[in-house]
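Student: File data-v6.cif follows (mmCIF, C-alpha atoms (C1' of nucleotides)):
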data_model
loop_
_atom_site.label_atom_id
_atom_site.label_comp_id
_atom_site.auth_asym_id
_atom_site.auth_seq_id
_atom_site.Cartn_x
_atom_site.Cartn_y
_atom_site.Cartn_z
CA MET A 13 162.43 -97.49 -44.02
CA LEU A 14 159.33 -95.40 -43.37
CA VAL A 15 161.48 -92.48 -42.21
CA HIS A 16 163.38 -92.71 -45.46
CA MET A 17 160.10 -92.60 -47.33
CA ALA A 18 159.06 -89.60 -45.26
CA GLU A 19 162.30 -87.89 -46.27
CA ALA A 20 161.94 -88.79 -49.93
CA ASN A 21 159.67 -85.86 -50.71
CA GLY A 22 157.04 -87.82 -52.53
CA ARG A 23 159.43 -89.75 -54.73
CA ALA A 24 158.87 -93.50 -54.70
CA LEU A 25 161.77 -95.52 -53.31
CA THR A 26 162.43 -98.94 -54.78
CA SER A 27 162.83 -102.09 -52.68
CA GLU A 28 166.39 -102.07 -53.95
CA GLU A 29 167.08 -98.64 -52.45
CA LEU A 30 165.26 -99.37 -49.23
CA SER A 31 167.08 -102.66 -48.78
CA SER A 32 170.46 -100.98 -49.16
CA PHE A 33 169.56 -98.57 -46.35
CA ILE A 34 169.18 -101.36 -43.86
CA HIS A 35 171.66 -103.74 -45.46
CA THR A 36 169.27 -106.42 -46.44
CA ASN A 37 167.52 -107.88 -49.43
CA PRO A 38 164.86 -106.31 -51.69
CA VAL A 39 162.58 -109.29 -51.24
CA VAL A 40 162.78 -108.99 -47.48
CA VAL A 41 161.74 -105.37 -47.80
CA ARG A 42 158.80 -106.22 -49.98
CA ARG A 43 157.68 -108.92 -47.61
CA SER A 44 157.93 -106.69 -44.55
CA VAL A 45 156.43 -103.55 -45.98
CA ALA A 46 153.63 -105.30 -47.83
CA GLY A 47 151.78 -105.66 -44.53
CA LEU A 48 151.52 -101.91 -44.24
CA ARG A 49 149.74 -101.47 -47.52
CA GLU A 50 146.28 -102.57 -46.47
CA ALA A 51 146.38 -100.11 -43.60
CA GLY A 52 147.14 -97.33 -46.06
CA ILE A 53 150.45 -96.57 -44.42
CA VAL A 54 152.40 -97.19 -47.60
CA ALA A 55 151.49 -97.42 -51.27
CA SER A 56 153.41 -99.37 -53.87
CA SER A 57 153.54 -98.92 -57.61
CA ARG A 58 155.11 -101.05 -60.28
CA GLY A 59 157.14 -100.39 -63.35
CA HIS A 60 159.25 -97.42 -64.27
CA GLY A 61 159.49 -94.88 -61.47
CA GLY A 62 157.63 -97.25 -59.23
CA GLY A 63 158.43 -98.24 -55.69
CA TRP A 64 157.22 -97.35 -52.22
CA GLN A 65 155.93 -94.16 -50.69
CA LEU A 66 153.90 -93.18 -47.69
CA GLY A 67 150.16 -93.61 -48.05
CA ARG A 68 149.41 -90.43 -46.15
CA ALA A 69 151.18 -87.56 -44.42
CA PRO A 70 153.79 -88.68 -41.88
CA ASP A 71 152.12 -86.69 -39.12
CA ARG A 72 149.10 -88.91 -39.59
CA ILE A 73 151.01 -92.16 -39.21
CA SER A 74 151.59 -93.19 -35.61
CA LEU A 75 153.88 -95.92 -34.34
CA ALA A 76 150.81 -97.59 -32.86
CA GLU A 77 149.28 -97.90 -36.32
CA ILE A 78 152.51 -99.27 -37.75
CA SER A 79 152.81 -101.81 -34.98
CA ALA A 80 149.21 -102.90 -35.39
CA ALA A 81 149.49 -103.13 -39.17
CA LEU A 82 152.53 -105.37 -38.82
CA GLY A 83 150.46 -107.62 -36.62
CA GLU A 84 152.91 -107.30 -33.79
CA THR A 85 151.90 -107.68 -30.20
CA LEU A 86 152.91 -104.96 -27.78
CA LEU A 87 153.60 -107.49 -25.05
CA PRO A 88 155.95 -110.45 -25.31
CA PHE A 89 153.74 -113.20 -23.95
CA SER A 90 150.65 -115.00 -25.07
CA THR A 91 147.57 -115.74 -23.05
CA GLU A 92 146.44 -118.71 -25.07
CA PRO A 93 145.84 -121.86 -23.05
CA GLU A 94 148.19 -124.73 -23.72
CA SER A 95 146.63 -127.23 -21.38
CA PRO A 96 142.87 -126.67 -21.53
CA GLY A 97 141.38 -127.79 -18.26
CA CYS A 98 144.41 -126.98 -16.14
CA LEU A 99 143.10 -124.77 -13.37
CA VAL A 100 146.51 -123.36 -12.55
CA GLU A 101 146.94 -122.22 -16.11
CA GLN A 102 143.48 -120.72 -16.07
CA ALA A 103 144.28 -118.71 -12.96
CA VAL A 104 147.55 -117.47 -14.43
CA ILE A 105 145.95 -116.59 -17.73
CA ALA A 106 143.08 -114.78 -16.03
CA ALA A 107 145.51 -112.61 -14.09
CA LEU A 108 147.66 -111.94 -17.13
CA GLU A 109 144.64 -111.26 -19.29
CA ASP A 110 143.57 -108.42 -17.03
CA PHE A 111 147.09 -107.10 -16.96
CA ARG A 112 147.44 -107.46 -20.69
CA THR A 113 144.25 -105.64 -21.55
CA GLU A 114 145.13 -102.58 -19.58
CA ALA A 115 148.83 -102.65 -20.46
CA GLU A 116 148.13 -102.91 -24.15
CA ARG A 117 145.73 -100.03 -23.98
CA LEU A 118 148.36 -97.95 -22.21
CA LEU A 119 151.13 -98.85 -24.63
CA ALA A 120 148.99 -98.25 -27.67
CA GLU A 121 147.99 -94.90 -26.27
CA LYS A 122 151.62 -93.94 -25.78
CA LEU A 123 152.75 -95.23 -29.17
CA GLY A 124 149.80 -93.47 -30.73
CA ARG A 125 151.31 -90.16 -29.73
CA ILE A 126 154.52 -90.73 -31.67
CA THR A 127 154.21 -90.13 -35.38
CA LEU A 128 156.50 -90.72 -38.30
CA ALA A 129 156.75 -86.95 -38.58
CA ASP A 130 158.29 -86.85 -35.10
CA LEU A 131 160.87 -89.42 -36.07
CA ALA A 132 161.63 -87.65 -39.33
CA ALA A 133 162.04 -84.34 -37.52
CA ASP A 134 164.41 -85.91 -35.03
CA PHE A 135 166.34 -87.50 -37.85
CA ARG A 136 166.62 -84.15 -39.60
CA ARG A 137 167.80 -82.47 -36.40
CA ARG A 138 170.56 -85.05 -36.03
CA TYR A 139 171.42 -84.72 -39.67
CA ASP A 140 171.79 -80.94 -39.50
CA GLU A 141 173.80 -81.23 -36.32
CA ILE A 142 176.27 -83.58 -37.95
CA GLY A 143 176.45 -81.18 -40.88
CA VAL A 144 177.29 -78.27 -38.58
CA THR A 145 179.83 -80.32 -36.70
CA SER A 146 181.52 -81.41 -39.88
CA HIS A 147 181.62 -77.87 -41.12
CA ALA A 148 183.07 -76.59 -37.84
CA VAL A 149 185.84 -79.14 -38.04
CA MET B 10 154.99 -124.45 -11.55
CA LEU B 11 155.35 -121.78 -8.89
CA VAL B 12 151.65 -121.95 -8.13
CA HIS B 13 152.03 -125.67 -7.64
CA MET B 14 154.87 -125.02 -5.24
CA ALA B 15 152.73 -122.48 -3.44
CA GLU B 16 150.04 -125.12 -3.07
CA ALA B 17 152.46 -127.82 -1.91
CA ASN B 18 152.39 -126.70 1.69
CA GLY B 19 156.13 -126.62 2.18
CA ARG B 20 156.81 -130.00 0.65
CA ALA B 21 159.52 -129.99 -2.00
CA LEU B 22 158.32 -130.96 -5.47
CA THR B 23 160.69 -132.85 -7.74
CA SER B 24 161.48 -131.81 -11.29
CA GLU B 25 159.76 -135.01 -12.27
CA GLU B 26 156.50 -133.97 -10.61
CA LEU B 27 156.70 -130.41 -11.87
CA SER B 28 157.40 -131.55 -15.41
CA SER B 29 154.36 -133.80 -15.42
CA PHE B 30 152.17 -130.83 -14.46
CA ILE B 31 153.06 -128.96 -17.60
CA HIS B 32 153.68 -132.00 -19.78
CA THR B 33 157.34 -131.49 -20.36
CA ASN B 34 160.71 -132.83 -19.34
CA PRO B 35 162.41 -132.71 -15.92
CA VAL B 36 165.55 -131.21 -17.41
CA VAL B 37 163.55 -128.43 -19.01
CA VAL B 38 162.07 -127.66 -15.62
CA ARG B 39 165.47 -127.54 -13.95
CA ARG B 40 166.83 -125.28 -16.66
CA SER B 41 163.91 -122.88 -16.43
CA VAL B 42 163.49 -122.72 -12.70
CA ALA B 43 167.22 -122.55 -11.96
CA GLY B 44 167.17 -118.90 -12.95
CA LEU B 45 164.83 -118.14 -10.08
CA ARG B 46 167.14 -119.50 -7.42
CA GLU B 47 169.58 -116.61 -7.24
CA ALA B 48 166.69 -114.23 -6.73
CA GLY B 49 165.55 -116.32 -3.78
CA ILE B 50 162.23 -117.09 -5.42
CA VAL B 51 162.80 -120.82 -5.27
CA ALA B 52 165.16 -123.08 -3.37
CA SER B 53 166.34 -126.48 -4.52
CA SER B 54 167.63 -129.39 -2.49
CA ARG B 55 169.15 -132.64 -3.59
CA GLY B 56 168.82 -136.21 -2.53
CA HIS B 57 166.03 -137.95 -0.71
CA GLY B 58 163.02 -135.72 -0.19
CA GLY B 59 164.68 -133.05 -2.25
CA GLY B 60 163.20 -130.94 -5.01
CA TRP B 61 161.89 -127.44 -5.39
CA GLN B 62 160.01 -125.15 -3.07
CA LEU B 63 159.34 -121.44 -2.82
CA GLY B 64 162.17 -119.40 -1.36
CA ARG B 65 159.79 -117.14 0.57
CA ALA B 66 156.10 -116.66 1.21
CA PRO B 67 154.00 -116.46 -1.98
CA ASP B 68 152.56 -113.11 -0.97
CA ARG B 69 156.09 -111.75 -1.14
CA ILE B 70 156.76 -112.99 -4.68
CA SER B 71 155.43 -110.72 -7.39
CA LEU B 72 155.13 -111.44 -11.07
CA ALA B 73 157.49 -108.53 -11.69
CA GLU B 74 160.21 -110.26 -9.67
CA ILE B 75 159.65 -113.53 -11.48
CA SER B 76 159.83 -111.84 -14.84
CA ALA B 77 162.99 -109.98 -13.89
CA ALA B 78 164.65 -113.08 -12.46
CA LEU B 79 163.97 -114.96 -15.67
CA GLY B 80 165.75 -112.19 -17.52
CA GLU B 81 162.71 -111.52 -19.65
CA THR B 82 161.98 -108.17 -21.14
CA LEU B 83 158.56 -106.69 -20.65
CA LEU B 84 158.53 -105.30 -24.16
CA PRO B 85 159.01 -107.27 -27.35
CA PHE B 86 161.56 -105.12 -29.12
CA SER B 87 165.17 -104.21 -28.60
CA THR B 88 166.70 -100.78 -28.75
CA GLU B 89 170.20 -101.93 -29.60
CA PRO B 90 171.68 -100.29 -32.68
CA GLU B 91 172.31 -102.56 -35.61
CA SER B 92 173.86 -100.03 -37.93
CA PRO B 93 175.97 -97.71 -35.76
CA GLY B 94 176.18 -94.37 -37.46
CA CYS B 95 172.80 -94.57 -39.13
CA LEU B 96 170.99 -91.39 -38.14
CA VAL B 97 167.58 -92.78 -38.96
CA GLU B 98 168.16 -95.67 -36.63
CA GLN B 99 169.38 -93.31 -33.96
CA ALA B 100 166.23 -91.22 -34.20
CA VAL B 101 164.01 -94.29 -34.04
CA ILE B 102 165.93 -95.72 -31.11
CA ALA B 103 165.84 -92.44 -29.24
CA ALA B 104 162.07 -92.27 -29.57
CA LEU B 105 161.61 -95.90 -28.59
CA GLU B 106 164.05 -95.59 -25.73
CA ASP B 107 161.94 -92.88 -24.13
CA PHE B 108 158.84 -94.92 -24.71
CA ARG B 109 160.50 -98.07 -23.42
CA THR B 110 161.75 -96.52 -20.20
CA GLU B 111 158.36 -95.26 -19.15
CA ALA B 112 156.46 -98.27 -20.46
CA GLU B 113 158.70 -100.70 -18.62
CA ARG B 114 158.33 -98.76 -15.43
CA LEU B 115 154.56 -98.86 -15.81
CA LEU B 116 154.42 -102.55 -16.62
CA ALA B 117 156.77 -103.48 -13.78
CA GLU B 118 154.67 -101.44 -11.42
CA LYS B 119 151.53 -103.26 -12.51
CA LEU B 120 153.10 -106.70 -12.43
CA GLY B 121 154.57 -105.86 -9.06
CA ARG B 122 151.08 -105.72 -7.63
CA ILE B 123 150.26 -109.29 -8.60
CA THR B 124 151.74 -111.89 -6.28
CA LEU B 125 151.94 -115.63 -6.39
CA ALA B 126 149.53 -115.64 -3.47
CA ASP B 127 146.95 -113.92 -5.67
CA LEU B 128 147.35 -116.56 -8.35
CA ALA B 129 147.22 -119.37 -5.82
CA ALA B 130 144.06 -117.91 -4.28
CA ASP B 131 142.45 -117.67 -7.68
CA PHE B 132 143.46 -121.22 -8.46
CA ARG B 133 141.95 -122.40 -5.18
CA ARG B 134 138.75 -120.52 -5.89
CA ARG B 135 138.43 -122.25 -9.26
CA TYR B 136 139.31 -125.56 -7.72
CA ASP B 137 136.59 -125.29 -5.07
CA GLU B 138 134.09 -124.15 -7.64
CA ILE B 139 134.72 -127.19 -9.79
CA GLY B 140 134.36 -129.31 -6.69
CA VAL B 141 130.95 -127.82 -5.95
CA THR B 142 129.86 -128.19 -9.56
CA SER B 143 130.90 -131.79 -9.72
CA HIS B 144 129.08 -132.50 -6.50
CA ALA B 145 125.97 -130.77 -7.72
CA VAL B 146 125.94 -132.94 -10.82
"C1'" DA C 18 158.96 -103.56 -77.58
"C1'" DG C 19 161.92 -103.07 -73.85
"C1'" DA C 20 163.20 -101.73 -69.35
"C1'" DT C 21 161.86 -101.49 -64.76
"C1'" DT C 22 159.67 -102.78 -60.50
"C1'" DC C 23 156.54 -105.10 -57.50
"C1'" DG C 24 154.32 -109.85 -56.03
"C1'" DT C 25 155.14 -114.23 -54.73
"C1'" DA C 26 156.60 -118.96 -54.58
"C1'" DA C 27 160.27 -122.03 -53.48
"C1'" DC C 28 164.38 -123.14 -51.58
"C1'" DT C 29 168.55 -122.70 -48.34
"C1'" DA C 30 170.91 -121.37 -44.20
"C1'" DA C 31 171.15 -119.68 -39.53
"C1'" DT C 32 169.20 -119.19 -35.08
"C1'" DT C 33 166.49 -120.39 -31.38
"C1'" DT C 34 164.03 -123.45 -28.41
"C1'" DA C 35 162.39 -127.81 -26.54
"C1'" DG C 36 163.32 -132.19 -25.75
"C1'" DT C 37 166.39 -136.09 -24.66
"C1'" DT C 38 170.23 -138.88 -22.89
"C1'" DA C 39 173.93 -139.41 -19.90
"C1'" DC C 40 176.47 -138.88 -16.01
"C1'" DA C 41 178.68 -136.47 -12.09
"C1'" DT C 42 177.59 -134.35 -7.51
"C1'" DG C 43 175.27 -134.02 -3.26
"C1'" DA C 44 172.11 -135.65 0.46
"C1'" DA C 45 169.17 -138.68 2.97
"C1'" DA C 46 167.92 -143.51 4.43
"C1'" DC C 47 169.11 -147.79 5.86
"C1'" DG D 25 179.31 -147.04 4.04
"C1'" DT D 26 176.45 -148.34 0.52
"C1'" DT D 27 172.21 -147.59 -1.77
"C1'" DT D 28 168.80 -144.59 -3.43
"C1'" DC D 29 167.09 -140.44 -4.90
"C1'" DA D 30 167.36 -135.81 -6.72
"C1'" DT D 31 169.62 -131.83 -8.68
"C1'" DG D 32 173.35 -129.77 -11.98
"C1'" DT D 33 175.02 -129.68 -16.37
"C1'" DA D 34 176.97 -130.95 -20.76
"C1'" DA D 35 176.02 -132.70 -25.24
"C1'" DC D 36 173.24 -134.00 -28.74
"C1'" DT D 37 168.82 -134.10 -31.72
"C1'" DA D 38 164.62 -132.28 -33.63
"C1'" DA D 39 161.37 -128.72 -34.65
"C1'" DA D 40 160.11 -124.09 -35.54
"C1'" DT D 41 161.14 -119.61 -36.87
"C1'" DT D 42 163.43 -116.15 -39.51
"C1'" DA D 43 166.46 -114.06 -42.98
"C1'" DG D 44 168.28 -114.44 -47.16
"C1'" DT D 45 168.32 -115.86 -52.06
"C1'" DT D 46 166.83 -117.15 -56.75
"C1'" DA D 47 163.47 -117.16 -60.12
"C1'" DC D 48 159.82 -115.63 -62.69
"C1'" DG D 49 155.22 -113.72 -63.67
"C1'" DA D 50 152.46 -109.37 -63.76
"C1'" DA D 51 152.07 -104.55 -64.13
"C1'" DT D 52 153.61 -100.05 -65.69
"C1'" DC D 53 156.17 -96.50 -67.88
"C1'" DT D 54 159.05 -94.70 -71.88
#
So that I can check it, write out the structure of this file as structure tokens.
Tutor:
Amino acid sequence: MLVHMAEANGRALTSEELSSFIHTNPVVVRRSVAGLREAGIVASSRGHGGGWQLGRAPDRISLAEISAALGETLLPFSTEPESPGCLVEQAVIAALEDFRTEAERLLAEKLGRITLADLAADFRRRYDEIGVTSHAV
Amino acid sequence: MLVHMAEANGRALTSEELSSFIHTNPVVVRRSVAGLREAGIVASSRGHGGGWQLGRAPDRISLAEISAALGETLLPFSTEPESPGCLVEQAVIAALEDFRTEAERLLAEKLGRITLADLAADFRRRYDEIGVTSHAV
DNA sequence: AGATTCGTAACTAATTTAGTTACATGAAAC
DNA sequence: GTTTCATGTAACTAAATTAGTTACGAATCT
């Protein structure tokens, strides 16, 4: 959805339009994207001509920021104790906590290097390529 | 559960015992741990004196192997297309696929350095510490 | 004023996961 | 060889999560 916004040239896209892109429901779009508003990644406006657009230039929006704004973890396990007092759990969590800290830093660093502008550029490349191919055929 | 097996000194632990450690059900234990058998991480035996034990020395079982044997992914997102033909999705997946490949290699490498023996040693350290504390009080 | 669009609550349906019961299979003890 | 103990596995239930839907109020533009 954000790539579509990046390609929209400043025009606001409605939840309706965005939802049709990914074959889902406008309300689902609003729910998902709303989390990106506080971080300034998107801006929404109501009424005529309203909808969603990027909050800043796509080359200043990294995947790390998007991931963080959505409240997603970069690693698929939690290090919260389930049985406080269990020494085995404490040992496991301690080991994973160290791992997690460094791994998350690494992942965030890598995701921080990929921006929406990169994705949009890649999309455009593919788009042009298809265009050429179609024309050649 | 594996740490418990590592601490069991070769004795087989029953699903019943293991389940009580983590406050769950014996069947849940069997279901979970069964996936580790093919990888040789655990071995199960039936009948009298049967149960579960480590399939090899704990210093030769890494967290990376355990994770792999359980069929878990190290990263919490999939790169499988949902809308084949969507160029935006293809661009996003391509970017994430690159990221994923390197990130998974890194994570596996890090997890590969942590063995069950490390966890067991840390557990034992905590255990002894508690013992001393209790005695001191 | 009327049309449009987000914001949000409330409800339903589908999926996943944990937990449970039940019973067959295999292995040791006697 | 029978009894006892333990895994292996199917089948069912319950809880939690998620996606989807409907409905309607609030904001904004023409």
Student: As a short mmCIF file (atom, residue, chain, number, x, y, z; two decimals) with C-alpha atoms, in the coordinates of the input, please: chain A after a least-squares superposition onto chain B using all C-alpha atoms matched in order.
Tutor:
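Contents of result-v4.cif, as written:
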data_model
loop_
_atom_site.label_atom_id
_atom_site.label_comp_id
_atom_site.auth_asym_id
_atom_site.auth_seq_id
_atom_site.Cartn_x
_atom_site.Cartn_y
_atom_site.Cartn_z
CA MET A 13 155.01 -124.45 -11.59
CA LEU A 14 155.37 -121.79 -8.91
CA VAL A 15 151.64 -121.97 -8.16
CA HIS A 16 152.02 -125.69 -7.67
CA MET A 17 154.86 -125.04 -5.27
CA ALA A 18 152.71 -122.50 -3.46
CA GLU A 19 150.01 -125.16 -3.11
CA ALA A 20 152.43 -127.83 -1.95
CA ASN A 21 152.37 -126.70 1.66
CA GLY A 22 156.08 -126.63 2.16
CA ARG A 23 156.76 -130.02 0.64
CA ALA A 24 159.48 -130.01 -2.00
CA LEU A 25 158.30 -130.98 -5.48
CA THR A 26 160.69 -132.86 -7.72
CA SER A 27 161.50 -131.81 -11.29
CA GLU A 28 159.79 -135.04 -12.26
CA GLU A 29 156.52 -133.98 -10.62
CA LEU A 30 156.71 -130.43 -11.87
CA SER A 31 157.44 -131.56 -15.41
CA SER A 32 154.40 -133.83 -15.44
CA PHE A 33 152.20 -130.86 -14.49
CA ILE A 34 153.10 -128.99 -17.62
CA HIS A 35 153.74 -132.02 -19.80
CA THR A 36 157.39 -131.52 -20.35
CA ASN A 37 160.75 -132.85 -19.31
CA PRO A 38 162.45 -132.75 -15.89
CA VAL A 39 165.58 -131.25 -17.37
CA VAL A 40 163.60 -128.46 -18.97
CA VAL A 41 162.11 -127.69 -15.58
CA ARG A 42 165.48 -127.59 -13.93
CA ARG A 43 166.85 -125.32 -16.60
CA SER A 44 163.92 -122.91 -16.42
CA VAL A 45 163.52 -122.75 -12.68
CA ALA A 46 167.23 -122.57 -11.93
CA GLY A 47 167.17 -118.90 -12.92
CA LEU A 48 164.83 -118.15 -10.06
CA ARG A 49 167.14 -119.50 -7.41
CA GLU A 50 169.57 -116.61 -7.21
CA ALA A 51 166.68 -114.23 -6.70
CA GLY A 52 165.52 -116.32 -3.76
CA ILE A 53 162.21 -117.09 -5.40
CA VAL A 54 162.78 -120.82 -5.26
CA ALA A 55 165.13 -123.09 -3.34
CA SER A 56 166.29 -126.49 -4.48
CA SER A 57 167.58 -129.40 -2.46
CA ARG A 58 169.11 -132.65 -3.56
CA GLY A 59 168.77 -136.23 -2.53
CA HIS A 60 165.96 -137.98 -0.75
CA GLY A 61 162.96 -135.73 -0.20
CA GLY A 62 164.64 -133.07 -2.24
CA GLY A 63 163.19 -130.95 -4.99
CA TRP A 64 161.86 -127.44 -5.38
CA GLN A 65 159.99 -125.13 -3.07
CA LEU A 66 159.33 -121.45 -2.80
CA GLY A 67 162.13 -119.40 -1.31
CA ARG A 68 159.76 -117.15 0.58
CA ALA A 69 156.05 -116.66 1.20
CA PRO A 70 153.97 -116.48 -1.99
CA ASP A 71 152.55 -113.10 -1.00
CA ARG A 72 156.08 -111.77 -1.15
CA ILE A 73 156.76 -113.01 -4.67
CA SER A 74 155.45 -110.71 -7.38
CA LEU A 75 155.16 -111.46 -11.08
CA ALA A 76 157.51 -108.54 -11.69
CA GLU A 77 160.21 -110.26 -9.65
CA ILE A 78 159.66 -113.53 -11.47
CA SER A 79 159.85 -111.85 -14.84
CA ALA A 80 163.01 -109.99 -13.89
CA ALA A 81 164.65 -113.09 -12.44
CA LEU A 82 163.98 -114.97 -15.67
CA GLY A 83 165.74 -112.19 -17.50
CA GLU A 84 162.73 -111.54 -19.65
CA THR A 85 162.02 -108.18 -21.16
CA LEU A 86 158.59 -106.69 -20.63
CA LEU A 87 158.54 -105.28 -24.15
CA PRO A 88 159.04 -107.26 -27.34
CA PHE A 89 161.58 -105.09 -29.10
CA SER A 90 165.18 -104.17 -28.60
CA THR A 91 166.71 -100.74 -28.74
CA GLU A 92 170.20 -101.86 -29.59
CA PRO A 93 171.68 -100.24 -32.68
CA GLU A 94 172.30 -102.53 -35.61
CA SER A 95 173.83 -99.99 -37.93
CA PRO A 96 175.93 -97.67 -35.76
CA GLY A 97 176.14 -94.32 -37.48
CA CYS A 98 172.76 -94.53 -39.18
CA LEU A 99 170.97 -91.36 -38.18
CA VAL A 100 167.55 -92.75 -38.99
CA GLU A 101 168.13 -95.65 -36.65
CA GLN A 102 169.36 -93.28 -33.99
CA ALA A 103 166.20 -91.20 -34.24
CA VAL A 104 163.99 -94.28 -34.05
CA ILE A 105 165.92 -95.71 -31.14
CA ALA A 106 165.84 -92.41 -29.27
CA ALA A 107 162.06 -92.25 -29.58
CA LEU A 108 161.62 -95.88 -28.60
CA GLU A 109 164.07 -95.55 -25.75
CA ASP A 110 161.95 -92.86 -24.14
CA PHE A 111 158.85 -94.91 -24.71
CA ARG A 112 160.50 -98.03 -23.42
CA THR A 113 161.76 -96.49 -20.21
CA GLU A 114 158.39 -95.24 -19.16
CA ALA A 115 156.48 -98.26 -20.44
CA GLU A 116 158.72 -100.68 -18.63
CA ARG A 117 158.35 -98.74 -15.43
CA LEU A 118 154.57 -98.85 -15.82
CA LEU A 119 154.46 -102.55 -16.61
CA ALA A 120 156.78 -103.47 -13.80
CA GLU A 121 154.68 -101.43 -11.43
CA LYS A 122 151.55 -103.26 -12.52
CA LEU A 123 153.15 -106.70 -12.45
CA GLY A 124 154.60 -105.86 -9.07
CA ARG A 125 151.10 -105.72 -7.66
CA ILE A 126 150.29 -109.30 -8.61
CA THR A 127 151.75 -111.89 -6.30
CA LEU A 128 151.96 -115.64 -6.41
CA ALA A 129 149.54 -115.65 -3.50
CA ASP A 130 146.96 -113.94 -5.71
CA LEU A 131 147.37 -116.57 -8.38
CA ALA A 132 147.21 -119.38 -5.85
CA ALA A 133 144.06 -117.93 -4.32
CA ASP A 134 142.44 -117.67 -7.73
CA PHE A 135 143.47 -121.21 -8.50
CA ARG A 136 141.95 -122.41 -5.24
CA ARG A 137 138.72 -120.53 -5.95
CA ARG A 138 138.44 -122.25 -9.33
CA TYR A 139 139.29 -125.56 -7.77
CA ASP A 140 136.59 -125.29 -5.11
CA GLU A 141 134.09 -124.15 -7.69
CA ILE A 142 134.73 -127.19 -9.84
CA GLY A 143 134.39 -129.32 -6.71
CA VAL A 144 131.00 -127.80 -5.92
CA THR A 145 129.85 -128.17 -9.48
CA SER A 146 130.88 -131.79 -9.60
CA HIS A 147 129.12 -132.46 -6.35
CA ALA A 148 125.94 -130.73 -7.52
CA VAL A 149 125.88 -132.89 -10.62
#
Student: Give me the residues within 9 Å of Gly52 of chain A as a PyMOL selection string, counting only C-alpha atoms (C1' of nucleotides) and dropping any in the same chain fewer than 5 places off.
Tutor: chain A and resi 66-68
Student: For each of C:DC23, C:DA30, C:DA18, C:DA44, take the minimum atom-to-atom distance to chain A, counting only C-alpha atoms (C1' of nucleotides), then give the residue where this is smallest.
Tutor: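 Looking at the shortest contact to chain A, the residue is C:DC23.
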Student: In terms of the shortest atom-to-atom distance over only C-alpha atoms (C1' of nucleotides), which of B:Arg69, B:Arg134, B:Arg46, B:Arg55 is closest to chain C?
Tutor: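 When distances to chain C are compared using only C-alpha atoms (C1' of nucleotides), the smallest one comes from B:Arg55.
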Student: Which residues, written as JSON, numbers by chain, have at least one atom at most 12 Å from Ile70 of chain B, with all atoms listed in the file counted and residues fewer than 4 positions away on the same chain left out?
Tutor: {"B": [11, 12, 15, 45, 48, 49, 50, 51, 63, 64, 65, 66, 74, 75, 76, 77, 78, 120, 121, 122, 123, 124, 125, 126, 127, 128, 129]}
Student: At a cut-off of 8 Å, list the chain C residues touching chain B, using only C-alpha atoms (C1' of nucleotides), as a PyMOL selection string.
Tutor: chain C and resi 35-36+43-46
Student: Please write as a short mmCIF file (atom, residue, chain, number, x, y, z; two decimals) with C-alpha atoms (C1' of nucleotides), keeping the file's coordinate frame the full residue list that the PyMOL selection byres ((chain C and resi 38) around 9) yields on this file.
Tutor:
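Wrote part.cif, looks like this:
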data_model
loop_
_atom_site.label_atom_id
_atom_site.label_comp_id
_atom_site.auth_asym_id
_atom_site.auth_seq_id
_atom_site.Cartn_x
_atom_site.Cartn_y
_atom_site.Cartn_z
"C1'" DT C 37 166.39 -136.09 -24.66
"C1'" DA C 39 173.93 -139.41 -19.90
"C1'" DA D 35 176.02 -132.70 -25.24
"C1'" DC D 36 173.24 -134.00 -28.74
#
Student: Taking all atoms listed in the file into account, what are the residues of chain D at most 6 Å from chain B, put as a list of chain:residue names?
Tutor: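 Close to chain B, chain D has D:DC29, D:DA30, D:DT31.
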Student: Could you tell me which of D:DA47, D:DT54, D:DG32, D:DT41 comes closest to DT42 of chain C if we count only C-alpha atoms (C1' of nucleotides)?
Tutor: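 Checking each candidate against DT42 of chain C, we get D:DG32 as the closest.
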Student: With only C-alpha atoms considered, list every residue of chain B at most 9 Å from chain A, as JSON, numbers by chain.
Tutor: {"B": [10, 12, 13, 30, 31, 32, 81, 82, 83, 84, 85, 86, 91, 92, 95, 96, 97, 98, 99, 100, 101, 103, 104, 105, 108, 112, 115, 116, 119, 120, 123, 127, 128, 129, 130, 131, 132, 133, 135, 136]}
Student: So how far away is atom CA of Val144 of chain A from atom CA of Ser31 of chain A, in Å?
Tutor: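 Answer for the atom CA of Ser31 of chain A to atom CA of Val144 of chain A separation: 28.3 Å.
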Student: Quick one: apply the PyMOL selection byres ((chain C and resi 32) around 10) to the file and drop the selected residues here as a PDB file with C-alpha atoms (C1' of nucleotides), in the frame of the given file.
Tutor:
ATOM      1  C1'  DA C  30     170.910-121.370 -44.200  1.00  0.00           C
ATOM      2  C1'  DA C  31     171.150-119.680 -39.530  1.00  0.00           C
ATOM      3  C1'  DT C  33     166.490-120.390 -31.380  1.00  0.00           C
ATOM      4  C1'  DT C  34     164.030-123.450 -28.410  1.00  0.00           C
TER       5       DT C  34
ATOM      6  C1'  DT D  41     161.140-119.610 -36.870  1.00  0.00           C
ATOM      7  C1'  DT D  42     163.430-116.150 -39.510  1.00  0.00           C
ATOM      8  C1'  DA D  43     166.460-114.060 -42.980  1.00  0.00           C
TER       9       DA D  43
END
Student: Could you please determine the separation between atom CA of Gly80 of chain B and atom CA of Ser41 of chain B in Å, to one decimal place?
Tutor: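 Computing the Euclidean distance for atom CA of Gly80 of chain B and atom CA of Ser41 of chain B yields 10.9 Å.
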Student: Please, what distance in Å, to one decimal, runs between atom C1' of DG44 of chain D and atom C1' of DC28 of chain C?
Tutor: 10.5 Å
